[in-house]
$ cat data_34.tsv   # TSV, C-alpha atoms
chain	number	residue	atom	x	y	z
A	1031	MET	CA	165.16	226.36	51.73
A	1032	GLU	CA	168.20	224.20	52.24
A	1033	LYS	CA	168.45	221.52	49.55
A	1034	THR	CA	169.00	218.21	51.31
A	1035	TRP	CA	169.05	214.57	50.25
A	1036	ARG	CA	168.31	211.35	52.08
A	1037	TRP	CA	171.51	209.32	52.03
A	1038	PHE	CA	171.84	205.84	53.51
A	1039	GLY	CA	175.44	206.03	54.64
A	1040	LYS	CA	178.75	204.86	53.25
A	1041	LYS	CA	177.16	201.73	51.76
A	1042	ASP	CA	174.75	203.84	49.67
A	1043	LYS	CA	175.46	203.43	45.96
A	1044	ILE	CA	174.74	207.13	45.61
A	1045	THR	CA	177.91	208.80	46.86
A	1046	LEU	CA	178.48	212.17	48.48
A	1047	PRO	CA	180.60	213.42	45.54
A	1048	MET	CA	177.65	212.62	43.25
A	1049	LEU	CA	175.38	214.70	45.48
A	1050	ARG	CA	177.77	217.66	45.47
A	1051	GLN	CA	177.62	217.66	41.67
A	1052	ILE	CA	173.83	217.96	41.56
A	1053	GLY	CA	173.59	220.86	43.99
A	1054	VAL	CA	172.79	219.13	47.28
A	1055	GLU	CA	173.73	221.22	50.31
A	1056	GLY	CA	172.77	219.11	53.31
A	1057	ILE	CA	172.56	215.41	54.11
A	1058	VAL	CA	169.64	213.62	55.75
A	1059	THR	CA	170.86	210.34	57.25
A	1060	ALA	CA	171.14	208.16	60.34
A	1061	LEU	CA	173.36	205.60	62.03
A	1062	HIS	CA	171.71	202.80	60.08
A	1063	ASP	CA	173.94	200.10	61.55
A	1064	VAL	CA	172.86	200.78	65.14
A	1065	PRO	CA	169.95	198.52	66.15
A	1066	ASN	CA	166.73	200.21	67.25
A	1067	GLY	CA	166.78	201.14	70.90
A	1068	GLU	CA	170.55	201.21	71.34
A	1069	VAL	CA	172.47	204.38	72.16
A	1070	TRP	CA	174.04	206.47	69.43
A	1071	THR	CA	177.50	207.27	70.78
A	1072	VAL	CA	179.29	210.58	70.41
A	1073	GLU	CA	182.13	208.75	68.65
A	1074	ALA	CA	179.86	207.19	66.00
A	1075	ILE	CA	177.97	210.45	65.42
A	1076	SER	CA	181.17	212.48	65.18
A	1077	GLU	CA	182.76	210.03	62.74
A	1078	LEU	CA	179.81	210.16	60.32
A	1079	LYS	CA	179.45	213.93	60.69
A	1080	SER	CA	183.14	214.44	59.91
A	1081	TYR	CA	182.89	212.15	56.89
A	1082	ILE	CA	179.97	214.16	55.51
A	1083	GLU	CA	181.74	217.46	56.16
A	1084	SER	CA	184.92	216.22	54.47
A	1085	HIS	CA	182.88	216.15	51.26
A	1086	GLY	CA	181.79	219.77	51.59
A	1087	LEU	CA	178.32	218.95	52.91
A	1088	ARG	CA	176.68	219.11	56.32
A	1089	TRP	CA	174.59	216.66	58.31
A	1090	SER	CA	171.39	218.70	58.35
A	1091	VAL	CA	168.75	216.25	59.59
A	1092	VAL	CA	168.66	212.88	61.32
A	1093	GLU	CA	166.12	210.64	59.61
A	1094	SER	CA	165.45	208.71	61.63
A	1095	LEU	CA	166.29	208.16	65.25
A	1096	PRO	CA	163.69	205.36	65.47
A	1097	VAL	CA	161.18	205.21	68.30
A	1098	SER	CA	161.15	201.60	69.46
A	1099	GLU	CA	157.86	199.73	69.37
A	1100	ALA	CA	157.87	199.23	73.15
A	1101	ILE	CA	157.76	203.02	73.59
A	1102	LYS	CA	154.73	203.18	71.31
A	1103	TYR	CA	152.79	200.40	73.04
A	1104	ALA	CA	154.22	201.14	76.52
A	1105	GLY	CA	155.96	197.83	77.03
A	1106	PRO	CA	157.88	196.92	80.21
A	1107	GLU	CA	161.17	198.13	78.71
A	1108	ARG	CA	159.79	201.58	77.85
A	1109	GLU	CA	161.72	203.48	80.52
A	1110	ARG	CA	165.06	201.95	79.52
A	1111	LEU	CA	164.40	202.68	75.85
A	1112	ILE	CA	163.38	206.28	76.55
A	1113	ALA	CA	166.54	206.72	78.64
A	1114	ASN	CA	168.59	205.44	75.69
A	1115	TYR	CA	166.72	207.80	73.37
A	1116	GLN	CA	167.49	210.72	75.71
A	1117	THR	CA	171.18	209.80	75.69
A	1118	SER	CA	171.24	209.56	71.90
A	1119	LEU	CA	169.55	212.95	71.61
A	1120	ALA	CA	172.05	214.51	74.01
A	1121	ASN	CA	174.94	213.02	72.04
A	1122	LEU	CA	173.53	214.39	68.79
A	1123	GLY	CA	173.15	217.79	70.43
A	1124	LYS	CA	176.75	217.72	71.65
A	1125	CYS	CA	177.83	217.04	68.08
A	1126	GLY	CA	175.73	219.87	66.66
A	1127	VAL	CA	173.15	217.74	64.82
A	1128	LYS	CA	169.89	219.27	65.96
A	1129	THR	CA	166.98	218.39	63.68
A	1130	ILE	CA	165.49	214.93	64.27
A	1131	CYS	CA	162.80	213.42	62.06
A	1132	TYR	CA	160.94	210.43	63.53
A	1133	ASN	CA	157.53	208.80	63.34
A	1134	PHE	CA	155.03	207.30	65.75
A	1135	MET	CA	153.38	204.79	63.39
A	1136	PRO	CA	152.79	201.40	65.03
A	1137	VAL	CA	154.55	198.39	63.43
A	1138	ILE	CA	154.51	199.58	59.83
A	1139	ASP	CA	155.73	202.79	58.26
A	1140	TRP	CA	154.85	203.86	54.75
A	1141	ILE	CA	152.71	201.42	52.78
A	1142	ARG	CA	152.63	200.68	49.06
A	1143	THR	CA	151.47	197.65	47.08
A	1144	ASP	CA	153.59	198.23	43.96
A	1145	LEU	CA	157.15	199.54	43.90
A	1146	GLN	CA	157.41	199.99	40.13
A	1147	HIS	CA	154.00	200.97	38.78
A	1148	PRO	CA	154.50	201.78	35.08
A	1149	TRP	CA	153.79	205.14	33.50
A	1150	ALA	CA	153.18	205.66	29.79
A	1151	ASP	CA	156.54	207.43	29.37
A	1152	GLY	CA	158.48	204.35	30.50
A	1153	THR	CA	159.19	205.53	34.05
A	1154	SER	CA	157.67	203.92	37.12
A	1155	SER	CA	156.71	204.99	40.61
A	1156	LEU	CA	155.30	203.75	43.90
A	1157	TYR	CA	151.59	202.92	44.00
A	1158	TYR	CA	148.95	201.98	46.57
A	1159	ASP	CA	146.11	199.72	45.44
A	1160	ARG	CA	143.44	199.45	48.12
A	1161	ILE	CA	142.05	196.13	46.86
A	1162	ARG	CA	145.45	194.47	46.76
A	1163	PHE	CA	146.16	195.78	50.23
A	1164	ALA	CA	142.80	194.46	51.41
A	1165	TYR	CA	143.71	191.10	49.89
A	1166	PHE	CA	146.96	191.08	51.86
A	1167	ASP	CA	145.09	192.03	55.05
A	1168	ILE	CA	142.22	189.53	54.71
A	1169	ARG	CA	143.59	186.57	52.75
A	1170	ILE	CA	147.35	186.55	53.45
A	1171	LEU	CA	147.62	188.06	56.91
A	1172	GLU	CA	144.20	186.67	57.91
A	1173	ARG	CA	143.84	189.41	60.49
A	1174	GLU	CA	140.92	188.87	62.84
A	1175	GLY	CA	138.07	191.24	61.98
A	1176	ALA	CA	139.84	192.54	58.86
A	1177	ALA	CA	136.75	192.17	56.65
A	1178	ASN	CA	134.90	194.67	58.84
A	1179	ASP	CA	137.26	197.42	57.65
A	1180	TYR	CA	136.18	197.19	54.01
A	1181	THR	CA	132.97	197.80	52.09
A	1182	ALA	CA	130.87	195.05	50.54
A	1183	GLU	CA	132.07	196.14	47.09
A	1184	GLU	CA	135.70	196.00	48.19
A	1185	LEU	CA	135.18	192.52	49.64
A	1186	ARG	CA	133.66	191.42	46.34
A	1187	LYS	CA	136.73	192.69	44.48
A	1188	VAL	CA	139.00	190.84	46.95
A	1189	ASP	CA	137.09	187.64	46.13
A	1190	GLU	CA	137.58	188.29	42.41
A	1191	LEU	CA	141.27	188.93	42.88
A	1192	ASP	CA	141.60	185.67	44.79
A	1193	LYS	CA	140.50	183.79	41.67
A	1194	VAL	CA	143.33	185.10	39.51
A	1195	ILE	CA	146.25	186.06	41.77
A	1196	THR	CA	149.26	183.75	41.49
A	1197	GLU	CA	151.47	182.45	44.29
A	1198	ALA	CA	154.31	184.53	42.92
A	1199	GLU	CA	152.15	187.64	43.08
A	1200	LYS	CA	151.22	186.85	46.68
A	1201	GLU	CA	154.90	186.56	47.61
A	1202	GLU	CA	155.64	189.81	45.84
A	1203	LEU	CA	152.84	191.52	47.76
A	1204	ILE	CA	154.28	190.30	51.07
A	1205	ASP	CA	157.75	191.41	50.02
A	1206	THR	CA	156.51	194.85	48.99
A	1207	ILE	CA	154.30	195.63	51.98
A	1208	ILE	CA	156.31	194.29	54.92
A	1209	VAL	CA	159.86	193.64	53.78
A	1210	LYS	CA	161.30	195.93	51.11
A	1211	THR	CA	159.60	199.11	52.31
A	1212	GLN	CA	160.18	198.41	56.01
A	1213	GLY	CA	163.60	196.86	56.55
A	1214	PHE	CA	165.61	199.99	55.78
A	1215	VAL	CA	163.10	202.22	57.57
A	1216	ASN	CA	162.35	200.71	60.97
A	1217	GLY	CA	164.32	197.47	61.13
A	1218	ASN	CA	161.37	195.45	62.45
A	1219	ILE	CA	161.43	193.06	59.48
A	1220	LYS	CA	164.46	192.54	57.28
A	1221	GLU	CA	165.14	190.91	53.95
A	1222	GLY	CA	166.13	187.34	54.63
A	1223	ASP	CA	163.70	186.76	57.49
A	1224	LYS	CA	162.32	183.28	56.92
A	1225	ASN	CA	158.72	184.01	57.85
A	1226	PRO	CA	158.02	187.74	57.64
A	1227	VAL	CA	154.24	187.26	57.90
A	1228	ALA	CA	154.59	185.43	61.24
A	1229	ILE	CA	156.89	188.16	62.56
A	1230	PHE	CA	154.46	190.80	61.38
A	1231	LYS	CA	151.53	189.09	63.11
A	1232	ARG	CA	153.47	189.01	66.38
A	1233	LEU	CA	154.15	192.73	66.08
A	1234	LEU	CA	150.49	193.47	65.42
A	1235	ALA	CA	149.51	191.45	68.48
A	1236	LEU	CA	151.51	193.80	70.70
A	1237	TYR	CA	148.94	196.50	69.92
A	1238	LYS	CA	145.85	194.40	70.64
A	1239	ASP	CA	144.81	196.61	73.56
A	1240	ILE	CA	146.20	199.92	72.21
A	1241	ASP	CA	143.52	202.17	70.81
A	1242	ARG	CA	143.80	205.70	69.48
A	1243	ASP	CA	143.62	207.33	72.93
A	1244	ALA	CA	146.22	204.97	74.38
A	1245	LEU	CA	148.65	205.60	71.51
A	1246	ARG	CA	148.15	209.33	71.87
A	1247	GLU	CA	148.95	209.12	75.57
A	1248	ASN	CA	152.07	207.08	74.85
A	1249	MET	CA	153.21	209.70	72.35
A	1250	ARG	CA	152.56	212.49	74.86
A	1251	TYR	CA	154.52	210.58	77.52
A	1252	PHE	CA	157.47	210.10	75.16
A	1253	LEU	CA	157.56	213.73	74.06
A	1254	ALA	CA	157.29	215.03	77.61
A	1255	ALA	CA	160.24	212.82	78.59
A	1256	ILE	CA	162.55	214.05	75.83
A	1257	MET	CA	161.68	217.77	75.75
A	1258	PRO	CA	164.10	218.68	78.59
A	1259	ILE	CA	166.95	217.25	76.49
A	1260	CYS	CA	165.69	219.16	73.45
A	1261	ASP	CA	165.56	222.37	75.49
A	1262	GLU	CA	169.09	221.84	76.80
A	1263	TYR	CA	170.64	221.23	73.38
A	1264	ASP	CA	168.21	223.23	71.20
A	1265	ILE	CA	167.10	220.11	69.33
A	1266	ASN	CA	164.03	220.19	67.10
A	1267	MET	CA	161.96	217.00	67.00
A	1268	CYS	CA	159.72	216.75	63.93
A	1269	VAL	CA	157.25	213.90	63.61
A	1270	HIS	CA	156.52	212.48	60.16
A	1271	PRO	CA	152.82	212.19	59.26
A	1272	ASP	CA	151.36	208.72	58.90
A	1273	ASP	CA	151.70	207.34	55.39
A	1274	PRO	CA	149.05	206.81	54.18
A	1275	PRO	CA	147.14	209.19	56.45
A	1276	PHE	CA	144.37	206.80	57.48
A	1277	GLN	CA	143.87	203.75	59.68
A	1278	VAL	CA	145.28	200.42	58.47
A	1279	LEU	CA	145.45	196.84	59.77
A	1280	GLY	CA	143.35	197.66	62.80
A	1281	LEU	CA	146.16	199.88	64.12
A	1282	PRO	CA	145.56	203.38	65.42
A	1283	ARG	CA	147.25	206.10	63.43
A	1284	ILE	CA	147.41	209.47	65.12
A	1285	VAL	CA	149.17	211.90	62.73
A	1286	THR	CA	146.77	211.87	59.79
A	1287	ASN	CA	145.10	215.29	59.55
A	1288	GLU	CA	144.82	218.83	60.91
A	1289	THR	CA	143.15	217.74	64.14
A	1290	ASP	CA	145.83	215.13	64.85
A	1291	ILE	CA	148.69	217.55	64.22
A	1292	ALA	CA	147.10	220.22	66.39
A	1293	TRP	CA	146.56	217.69	69.17
A	1294	TYR	CA	150.16	216.51	69.57
A	1295	LEU	CA	151.58	220.03	69.20
A	1296	GLN	CA	149.30	221.19	72.01
A	1297	ALA	CA	149.74	218.04	74.13
A	1298	VAL	CA	153.40	218.98	74.62
A	1299	ASP	CA	153.39	222.66	73.74
A	1300	ASN	CA	157.08	223.27	73.27
A	1301	PRO	CA	158.61	224.92	70.18
A	1302	HIS	CA	161.02	221.98	69.91
A	1303	ASN	CA	158.04	219.65	69.41
A	1304	GLY	CA	157.32	220.13	65.73
A	1305	LEU	CA	156.34	218.66	62.39
A	1306	THR	CA	158.01	217.13	59.39
A	1307	PHE	CA	155.71	218.49	56.71
A	1308	CYS	CA	155.54	215.60	54.23
A	1309	ALA	CA	153.42	216.86	51.36
A	1310	GLY	CA	153.25	213.40	49.83
A	1311	SER	CA	151.96	211.61	52.91
A	1312	LEU	CA	149.41	214.30	53.68
A	1313	SER	CA	148.21	214.66	50.09
A	1314	ALA	CA	147.49	210.92	49.81
A	1315	GLY	CA	144.37	211.55	51.90
A	1316	GLU	CA	141.60	213.43	50.15
A	1317	HIS	CA	140.60	214.90	53.51
A	1318	ASN	CA	143.83	216.96	53.57
A	1319	ASP	CA	144.61	220.18	51.72
A	1320	THR	CA	148.36	220.66	52.00
A	1321	ARG	CA	148.10	224.42	51.47
A	1322	VAL	CA	145.74	224.85	54.40
A	1323	LEU	CA	147.92	222.67	56.62
A	1324	ALA	CA	151.11	224.51	55.64
A	1325	LYS	CA	149.59	227.90	56.47
A	1326	LYS	CA	148.42	226.65	59.86
A	1327	PHE	CA	151.54	224.75	60.93
A	1328	ALA	CA	154.41	226.51	59.16
A	1329	LYS	CA	155.79	228.00	62.37
A	1330	ARG	CA	155.97	224.56	64.02
A	1331	THR	CA	157.48	222.87	60.96
A	1332	HIS	CA	161.18	222.02	61.23
A	1333	PHE	CA	161.70	219.90	58.10
A	1334	VAL	CA	159.91	219.59	54.75
A	1335	HIS	CA	159.49	216.62	52.40
A	1336	LEU	CA	158.49	217.81	48.96
A	1337	ARG	CA	156.70	215.20	46.89
A	1338	SER	CA	153.17	214.91	45.55
A	1339	THR	CA	150.53	212.25	45.08
A	1340	ALA	CA	147.43	211.78	42.97
A	1341	ALA	CA	144.68	210.38	45.18
A	1342	MET	CA	141.87	208.50	43.47
A	1343	ALA	CA	138.21	208.08	44.38
A	1344	ASP	CA	138.60	204.31	44.83
A	1345	GLY	CA	141.11	204.74	47.65
A	1346	ASN	CA	144.17	204.20	45.45
A	1347	PHE	CA	146.95	206.73	45.14
A	1348	ILE	CA	150.14	207.12	43.14
A	1349	GLU	CA	153.30	209.19	43.42
A	1350	SER	CA	152.83	211.93	40.86
A	1351	SER	CA	155.23	214.35	39.24
A	1352	HIS	CA	156.61	216.93	41.65
A	1353	LEU	CA	155.01	219.53	39.35
A	1354	GLU	CA	151.53	218.03	39.61
A	1355	GLY	CA	149.17	216.23	41.97
A	1356	ARG	CA	147.62	217.18	45.30
A	1357	GLY	CA	150.87	218.26	46.93
A	1358	HIS	CA	150.73	221.80	45.44
A	1359	LEU	CA	154.47	222.08	45.94
A	1360	ILE	CA	155.05	225.51	44.47
A	1361	GLU	CA	152.44	226.99	46.78
A	1362	LEU	CA	153.95	225.15	49.75
A	1363	ILE	CA	157.37	226.62	48.98
A	1364	ARG	CA	155.79	230.09	48.87
A	1365	ILE	CA	154.16	229.53	52.25
A	1366	PHE	CA	157.24	228.16	53.99
A	1367	GLU	CA	159.57	230.76	52.52
A	1368	ARG	CA	157.22	233.45	53.78
A	1369	GLU	CA	156.36	231.98	57.20
A	1370	ASN	CA	159.48	230.00	58.15
A	1371	PRO	CA	162.30	230.57	55.66
A	1372	GLY	CA	165.47	228.49	55.47
A	1373	LEU	CA	164.01	225.13	56.46
A	1374	PRO	CA	165.83	221.97	55.34
A	1375	MET	CA	163.92	220.42	52.45
A	1376	ARG	CA	164.40	217.15	50.65
A	1377	VAL	CA	162.70	215.84	47.55
A	1378	ASP	CA	161.17	212.45	48.15
A	1379	HIS	CA	160.14	209.29	46.31
A	1380	GLY	CA	161.39	210.06	42.83
A	1381	ARG	CA	160.42	207.94	39.85
A	1382	MET	CA	162.51	205.06	38.59
A	1383	MET	CA	164.05	206.10	35.28
A	1384	LEU	CA	167.14	205.94	33.06
A	1385	GLY	CA	168.47	202.70	34.52
A	1386	ASP	CA	167.56	203.33	38.16
A	1387	GLU	CA	165.63	200.05	38.08
A	1388	ASP	CA	168.76	197.89	38.07
A	1389	LYS	CA	170.82	199.70	40.71
A	1390	GLY	CA	169.30	198.13	43.83
A	1391	TYR	CA	168.29	201.45	45.37
A	1392	ASN	CA	165.94	201.47	48.35
A	1393	PRO	CA	162.31	201.72	47.14
A	1394	GLY	CA	161.36	205.30	46.38
A	1395	TYR	CA	164.97	206.48	46.58
A	1396	SER	CA	166.21	206.34	43.02
A	1397	PHE	CA	169.03	208.60	41.83
A	1398	HIS	CA	167.88	209.92	38.45
A	1399	GLY	CA	164.26	210.24	39.53
A	1400	ARG	CA	165.17	212.26	42.60
A	1401	MET	CA	167.69	214.30	40.64
A	1402	LEU	CA	164.92	215.29	38.21
A	1403	ALA	CA	162.66	216.12	41.15
A	1404	LEU	CA	165.38	218.23	42.76
A	1405	ALA	CA	165.83	220.17	39.53
A	1406	GLN	CA	162.07	220.75	39.33
A	1407	VAL	CA	161.90	221.92	42.93
A	1408	GLU	CA	165.02	224.07	42.55
A	1409	GLY	CA	163.27	225.77	39.63
A	1410	MET	CA	160.22	226.44	41.79
A	1411	MET	CA	162.46	227.86	44.52
A	1412	ALA	CA	164.17	230.15	42.00
A	1413	VAL	CA	160.84	231.49	40.77
A	1414	ILE	CA	159.66	232.20	44.32
A	1415	ASP	CA	162.97	233.82	45.23
A	1416	ASP	CA	162.61	236.05	42.17
A	1417	GLU	CA	159.07	236.94	43.24
A	1418	LYS	CA	160.34	238.00	46.66
A	1419	LYS	CA	163.08	240.17	45.14
A	1420	ASN	CA	160.61	241.88	42.80
A	1421	LYS	CA	158.29	242.67	45.72
A	1422	SER	CA	161.12	244.25	47.65
$ encode --input "data_34.tsv" --output "structure tokens"
Amino acid sequence: MEKTWRWFGKKDKITLPMLRQIGVEGIVTALHDVPNGEVWTVEAISELKSYIESHGLRWSVVESLPVSEAIKYAGPERERLIANYQTSLANLGKCGVKTICYNFMPVIDWIRTDLQHPWADGTSSLYYDRIRFAYFDIRILEREGAANDYTAEELRKVDELDKVITEAEKEELIDTIIVKTQGFVNGNIKEGDKNPVAIFKRLLALYKDIDRDALRENMRYFLAAIMPICDEYDINMCVHPDDPPFQVLGLPRIVTNETDIAWYLQAVDNPHNGLTFCAGSLSAGEHNDTRVLAKKFAKRTHFVHLRSTAAMADGNFIESSHLEGRGHLIELIRIFERENPGLPMRVDHGRMMLGDEDKGYNPGYSFHGRMLALAQVEGMMAVIDDEKKNKS
């Protein structure tokens, strides 16, 4: 596997020379300054690609070329936005950047309720607390019908939380769920927005009449429109699974399990229509076994995210060590190296440790925590490479 790293451009406090020193081979990045829906020009792509290559690295994967909301809910500007997406893809292909990670999650990407959940060893990691999320959904967002999505016991716990939660904690919950984890990912809501909850409600309203079947059809329509460009330039599109892999906020989520993945791969059955195999996202759902999924979809996987989670019976989950949890990373590496060797891989969502907390890194994207994870994964890769040599 190619060892890659998600890098947020020239403004990232983690520099390319730092990444060279820790063994990174390829860069996963995007034109983060280009607003969603606008064309990525050949000039801008070439400039960033040249900058990366001048540091002895290569631009391995685009993460992400965002799919605008109007494409997902089939708004009146869908055709214009798809045409822009086609142009951006063609420009990437002309520049030789040919693996594109994207997602088709409505409104909100990955969801956590705590960005620095403490561990006994003094490190911290991302965490999802179902009751705190339910509190946000029911009491802060006041989404119509939200209570129907939770059990009587969960509603009782929300009522108990309401008695003790402070205003500061409520603000922190808003900041965590819809600002800090979203602004650098999809650009829908940014830090500094005066009323992020109001903006978020307006975004949710756009999907009022979009159910699971409608979102699936919109995804099929989008993929069918871009596949000719992918065929022309040999571009691999790889969708990121929904994180977490279950329905939230009354929104349909359509990349959550084996059935979902099989559906979209078959709906537009083209080898360029593939999967970003995110072991962390998939393992956060107890209905998923990452090993089974990897064996089934390895040939249609174009990019791998190696991280692991510990899912809990109460619906909570936490980012676990890359050596532990439900991700089963060493077995995944064995499967991919056997079935589809040489894929770009990046470690994901490292712990906060050794001063990472004060550096202002994007949530989940610490330096020391990911460096430790990369070393752990590199060790796994070395073991598996040795196994292959001994068999031959």
$ atom_distance --input "data_34.tsv" --atom1 "atom CA of A:Met1048" --atom2 "atom CA of A:Leu1061"
20.5 Å
$ closest_residue --input "data_34.tsv" --among "A:Leu1359, A:Val1064, A:Leu1234, A:Val1334" --to "A:Lys1033" --atoms "only C-alpha atoms"
A:Val1334
$ closest_residue --input "data_34.tsv" --among "A:His1302, A:Gly1175, A:Tyr1391, A:Asp1167" --to "A:Ile1259" --atoms "only C-alpha atoms"
A:His1302
$ closest_atom_pairs --input "data_34.tsv" --of "stretch 1172-1289 of chain A" --to "stretch 1373-1388 of chain A" --cutoff "12 Å" --atoms "only C-alpha atoms" --output "CSV"
residue,atom,partner,partner_atom,distance
A:Thr1211,CA,A:His1379,CA,11.8
A:Asn1266,CA,A:Leu1373,CA,11.7
A:Cys1268,CA,A:Pro1374,CA,11.8
$ residues_around --input "data_34.tsv" --residues "A:Val1058" --least-positions-apart "2" --cutoff "7 Å" --atoms "all atoms listed in the file" --output "PyMOL selection string"
chain A and resi 1034-1037+1056+1089-1093
$ write_last_selection --input "data_34.tsv" --atoms "C-alpha atoms" --output "short mmCIF file (atom, residue, chain, number, x, y, z; two decimals), in the frame of the given file"
data_model
loop_
_atom_site.label_atom_id
_atom_site.label_comp_id
_atom_site.auth_asym_id
_atom_site.auth_seq_id
_atom_site.Cartn_x
_atom_site.Cartn_y
_atom_site.Cartn_z
CA THR A 1034 169.00 218.21 51.31
CA TRP A 1035 169.05 214.57 50.25
CA ARG A 1036 168.31 211.35 52.08
CA TRP A 1037 171.51 209.32 52.03
CA GLY A 1056 172.77 219.11 53.31
CA TRP A 1089 174.59 216.66 58.31
CA SER A 1090 171.39 218.70 58.35
CA VAL A 1091 168.75 216.25 59.59
CA VAL A 1092 168.66 212.88 61.32
CA GLU A 1093 166.12 210.64 59.61
#
$ closest_residue --input "data_34.tsv" --among "A:Gly1394, A:Gly1310, A:Pro1274, A:Gly1345" --to "A:Leu1145" --atoms "only C-alpha atoms"
A:Gly1394
$ closest_residue --input "data_34.tsv" --among "A:Met1411, A:Leu1191, A:Val1127, A:Leu1336" --to "A:Leu1078" --atoms "only C-alpha atoms"
A:Val1127
$ closest_atom_pairs --input "data_34.tsv" --of "stretch 1045-1163 of chain A" --to "stretch 1402-1410 of chain A" --cutoff "9 Å" --atoms "all atoms listed in the file" --output "tab-separated table"
residue	atom	partner	partner_atom	distance
A:Ile1052	CA	A:Leu1404	CA	8.5
A:Gly1053	CA	A:Leu1404	CA	8.7
A:Val1054	CA	A:Leu1404	CA	8.7
$ residues_around --input "data_34.tsv" --residues "A:Arg1108" --least-positions-apart "5" --cutoff "12 Å" --atoms "all atoms listed in the file" --output "count of residues only"
16
$ closest_residue --input "data_34.tsv" --among "A:Glu1083, A:Asp1189, A:Glu1288, A:Asp1144" --to "A:Thr1320" --atoms "only C-alpha atoms"
A:Glu1288
$ residues_around --input "data_34.tsv" --residues "A:Phe1347" --least-positions-apart "5" --cutoff "8 Å" --atoms "all atoms listed in the file" --output "ChimeraX atom specification"
/A:1157-1159,1314,1339-1342
$ write_last_selection --input "data_34.tsv" --atoms "C-alpha atoms" --output "PDB file, keeping the file's coordinate frame"
ATOM      1  CA  TYR A1157     151.590 202.920  44.000  1.00  0.00           C
ATOM      2  CA  TYR A1158     148.950 201.980  46.570  1.00  0.00           C
ATOM      3  CA  ASP A1159     146.110 199.720  45.440  1.00  0.00           C
ATOM      4  CA  ALA A1314     147.490 210.920  49.810  1.00  0.00           C
ATOM      5  CA  THR A1339     150.530 212.250  45.080  1.00  0.00           C
ATOM      6  CA  ALA A1340     147.430 211.780  42.970  1.00  0.00           C
ATOM      7  CA  ALA A1341     144.680 210.380  45.180  1.00  0.00           C
ATOM      8  CA  MET A1342     141.870 208.500  43.470  1.00  0.00           C
TER       9      MET A1342
END
